[in-house]
Amino acid sequence: MKKGGGKSRPLFPLTMEKPIPLLKKTIFIIFILLLALGVSIWHRASLEETRHAKIFIMDTFVELMAEDSHGQADAAFKDAIAELRRVDSRLGYQNSLIDELNSSHMLKDREVYHLIRLSQEVHDASSGGFSITLRPILDAWGFTGTHPYRLPTEDEFAAWKRLPSDHAIALDPDGLTIQTPEGTRIDLGGIAKGYAADRAAEAMKKAGVSNGLVNAGGDIAAFGERTWKIGLRHPGGTGVFATIPVRNRAVATSGSYERFFTVDGMRYHHILDPATGLPARGLLSATVLADTCAEADAWATALFVRGDESLGEELEKRGMDWIVIDQEGRVRASEALKEYCPDHLPAPR
């Protein structure tokens, strides 16, 4: 039985010792309704729904996430996907502006100019750890899809080594014109995916999303005031070895587990050392946090090739953070990320 003679008590009792005048009663009820409405709005804002979308593009799954406080998630996802497709068509391996540049050795395009200039900056600052002139040897390995994976011949290595390198790419002062020497063929695969994530994130922001994230196969661009928890993949298994907080920043990881094949028990992966044309050895994975995903993408490749002893201080001077895992499973990180990382790689789960 309910207490009080079996009668339920009203939430807001309207019987008082003195009757409330009609105007005052109306104001009182409106105040209560507004108060209830205000609590409801605060509750919804504090438990903001995160919307998701996914698309397969640029040879990977791209996940889009948005906290949609203004009902703009669907329109934002549409704009972001259109931007991903635009970047892929302009920078990809087939019928792209890069194909045009590689065949004619001259191109006028501000977007490609910007990416090549950034690539050259990373190339110089990393002592050649990042390069965009690897296309001929990447083709020989089969990592660009021209044929199945295989070991290049000695003649193919020799022919590639005779070609001009990144310094031979000429960028005119007009901010538009790119010229390459005969025989040089560039590949923006080490920076294009990160750049695409940046562009998709920008499209979402312009569409009204205040907090969002673009995950382009592990190249992540996060924006807004929300802190996202990003799990870093265990290079030897399907789990994660660390979870790091990321707010209004970008993350990219280069790993030997991403694309590889095995011959006579030896694994050959797609991250080539520009000095040799062979897969870089020494690390299992390298992660970089930067202001843009294009920067994080390029620097993660350079870090994988050159190692933290060569580039750790350079990255931190540039305001970037990093994590590496070496062949023995040891985990090293910049000062800001050490607390989130184990000293040694846990066994795969």
# chains A, B, ... in the order shown; residues from 1 in each chain; ligands from 1
>>> select_by_dssp(residues="segment 92-132 of chain A", states="helix (DSSP H, G or I)", output="MDAnalysis selection string")
chainID A and resid 97:104 110:125
>>> write_last_selection(atoms="C-alpha atoms", output="PDB file, in the first residue's frame")
ATOM      1  CA  LEU A  97      46.670  14.792 -61.519  1.00  0.00           C
ATOM      2  CA  ILE A  98      49.645  12.766 -60.314  1.00  0.00           C
ATOM      3  CA  ASP A  99      49.389  10.598 -63.437  1.00  0.00           C
ATOM      4  CA  GLU A 100      49.304  13.781 -65.512  1.00  0.00           C
ATOM      5  CA  LEU A 101      52.412  15.135 -63.781  1.00  0.00           C
ATOM      6  CA  ASN A 102      54.250  11.830 -64.157  1.00  0.00           C
ATOM      7  CA  SER A 103      53.527  11.677 -67.887  1.00  0.00           C
ATOM      8  CA  SER A 104      53.982  15.322 -68.895  1.00  0.00           C
ATOM      9  CA  ARG A 110      47.807  24.772 -56.110  1.00  0.00           C
ATOM     10  CA  GLU A 111      46.693  21.750 -54.088  1.00  0.00           C
ATOM     11  CA  VAL A 112      49.315  19.394 -55.519  1.00  0.00           C
ATOM     12  CA  TYR A 113      51.908  22.188 -55.259  1.00  0.00           C
ATOM     13  CA  HIS A 114      51.124  22.567 -51.526  1.00  0.00           C
ATOM     14  CA  LEU A 115      51.451  18.840 -50.854  1.00  0.00           C
ATOM     15  CA  ILE A 116      54.732  18.531 -52.766  1.00  0.00           C
ATOM     16  CA  ARG A 117      56.162  21.511 -50.916  1.00  0.00           C
ATOM     17  CA  LEU A 118      55.183  19.975 -47.560  1.00  0.00           C
ATOM     18  CA  SER A 119      56.660  16.650 -48.687  1.00  0.00           C
ATOM     19  CA  GLN A 120      59.944  18.309 -49.593  1.00  0.00           C
ATOM     20  CA  GLU A 121      60.061  20.021 -46.193  1.00  0.00           C
ATOM     21  CA  VAL A 122      59.641  16.683 -44.414  1.00  0.00           C
ATOM     22  CA  HIS A 123      62.184  15.071 -46.756  1.00  0.00           C
ATOM     23  CA  ASP A 124      64.807  17.700 -45.912  1.00  0.00           C
ATOM     24  CA  ALA A 125      64.098  17.858 -42.168  1.00  0.00           C
TER      25      ALA A 125
END
>>> select_by_dssp(residues="segment 169-246 of chain A", states="strand (DSSP E)", output="PyMOL selection string")
chain A and resi 170-171+177-179+211-216+219-223+228-233+240-246
>>> residues_around(residues="segment 308-324 of chain A", least_positions_apart="2", cutoff="7 Å", atoms="only C-alpha atoms", output="list in words")
Ser126, Ser285, Ala286, Thr287, Val288, Leu289, Ala290, Leu303, Arg306, Asp326, Val331, Arg332, Ala333 and Ser334 of chain A
>>> residues_around(residues="Thr276 of chain A", least_positions_apart="6", cutoff="12 Å", atoms="only C-alpha atoms", output="VMD selection string")
chain A and resid 128 to 129 131 134 137 to 138 154 157 to 158 160 to 162 305
>>> closest_residue(among="A:Glu258, A:Glu156, A:Tyr268, A:Ser89", to="Gly236 of chain A", atoms="only C-alpha atoms")
A:Glu258
>>> closest_residue(among="A:Lys108, A:His344, A:His167, A:His270", to="Thr133 of chain A", atoms="only C-alpha atoms")
A:His167
>>> closest_residue(among="A:Phe223, A:Gly145, A:Glu328, A:Ile178", to="Ala203 of chain A", atoms="only C-alpha atoms")
A:Phe223
